[in-house]
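Enquirer: Below is a structure I'd like to ask you about.
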Amino acid sequence: MLTWHDADELFELAHFVGVTRPGHRLADPGLPNGRVSLMEVPALSISSTECRDRVQSGEPIWYLVPDGIVQYINKRGLYRDDAS
């Protein structure tokens, strides 16, 4: 975040929330005091590639992504082979 364009201005405009991600440690070196909240949340390690592969093979992804994403993929026929 600190290397973002106009990062100082962004920190003035918003309070950021950082959360844990599988395989990464939560740390706050150099983040502006009082402008960022860090919190640990339980998370699943979900691969977008695995989700696309599951859709392509007809397997469900409803428990891996939000319902709106499932509906969007289904409505537009994404990640499916034309031959299927």
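As shown in the structure tokens, the chain order sets the letters A, B, ...; within each chain, residues go from 1, and ligands are also counted from 1 in the order they appear.
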Residues at most 12 Å from Leu64 (chain A), counting only C-alpha atoms, excluding those fewer than 4 positions away in the same chain, as number ranges by chain?
Expert: A: 43-48, 50-52, 54-55, 59-60, 68-70
Enquirer: May I have the residues from that selection written out with C-alpha atoms, as an mmCIF file, in the first residue's frame?
Expert:
data_model
loop_
_atom_site.group_PDB
_atom_site.id
_atom_site.type_symbol
_atom_site.label_atom_id
_atom_site.label_comp_id
_atom_site.auth_asym_id
_atom_site.auth_seq_id
_atom_site.Cartn_x
_atom_site.Cartn_y
_atom_site.Cartn_z
ATOM 1 C CA ALA A 43 -10.145 -18.239 5.220
ATOM 2 C CA LEU A 44 -10.151 -20.985 2.660
ATOM 3 C CA SER A 45 -7.384 -21.224 0.147
ATOM 4 C CA ILE A 46 -9.428 -20.873 -3.046
ATOM 5 C CA SER A 47 -7.786 -21.036 -6.449
ATOM 6 C CA SER A 48 -9.464 -19.146 -9.301
ATOM 7 C CA GLU A 50 -9.535 -24.507 -9.703
ATOM 8 C CA CYS A 51 -12.902 -22.711 -9.811
ATOM 9 C CA ARG A 52 -12.706 -22.326 -13.602
ATOM 10 C CA ARG A 54 -14.604 -27.075 -11.783
ATOM 11 C CA VAL A 55 -17.079 -25.073 -13.884
ATOM 12 C CA GLU A 59 -18.672 -29.476 -10.793
ATOM 13 C CA PRO A 60 -20.273 -26.987 -8.363
ATOM 14 C CA GLY A 68 -23.732 -13.526 -7.573
ATOM 15 C CA ILE A 69 -20.544 -14.910 -9.121
ATOM 16 C CA VAL A 70 -22.131 -18.312 -9.688
#
Enquirer: Could you list, as a list in words, every residue within 10 Å of Val41 (chain A), counting only C-alpha atoms and ignoring same-chain residues fewer than 4 positions away?
Expert: Gly18, Val19, Thr20, Arg21 and Pro22 of chain A
Enquirer: Just list as a list in words whatever in region 12-71 of chain A DSSP marks as alpha helix (DSSP H).
Expert: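 Of region 12-71 of chain A, the ones in alpha helix (DSSP H) are Glu12, Leu13, Ser48, Thr49, Glu50, Cys51, Arg52, Asp53, Arg54, Val55, Gln56, Asp67, Gly68, Ile69, Val70 and Gln71 of chain A.
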Enquirer: Chain A: which residues are strand (DSSP E or B) by DSSP, as a list in words?
Expert: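 Put together, the selection reads Phe16, Val17, Gly18, Val19, Arg21, His24, Val36, Ser37, Leu38 and Met39 of chain A.
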Enquirer: Rank nothing, just name the residue among A:Leu26, A:Leu2, A:Trp62, A:Val36 nearest to Ala14 (chain A), using only C-alpha atoms.
Expert: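 Under the stated criterion, the closest residue is A:Val36.
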Enquirer: Residues at most 10 Å from region 30-33 of chain A, counting only C-alpha atoms, excluding those fewer than 5 positions away in the same chain, as a list in words?
Expert: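 Listing them by chain and then by number gives Met1, Leu2, Asp8, Phe11 and Glu12 of chain A.
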Enquirer: Can you measure CA of Ala7 (chain A) to CA of Glu40 (chain A) for me? One decimal in Å is fine.
Expert: 23.4 Å
Enquirer: Looking at A:His24, A:Arg80, A:Arg35, A:Lys75, which one is nearest to Asp53 (chain A), with distances taken over only C-alpha atoms?
Expert: A:Arg80
Enquirer: What is the distance between CA of Asp67 (chain A) and CA of His15 (chain A), in Å to one decimal?
Expert: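 Pair CA of Asp67 (chain A) / CA of His15 (chain A) returns 27.6 Å.
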Enquirer: Using only C-alpha atoms, which of the listed residues (A:Leu10, A:Gln56, A:Trp4, A:Ile61) sits closest to Gly77 (chain A)?
Expert: A:Gln56
Enquirer: Take CA of Leu38 (chain A) and CA of Leu13 (chain A) and report the distance between them in Å, one decimal.
Expert: 17.7 Å
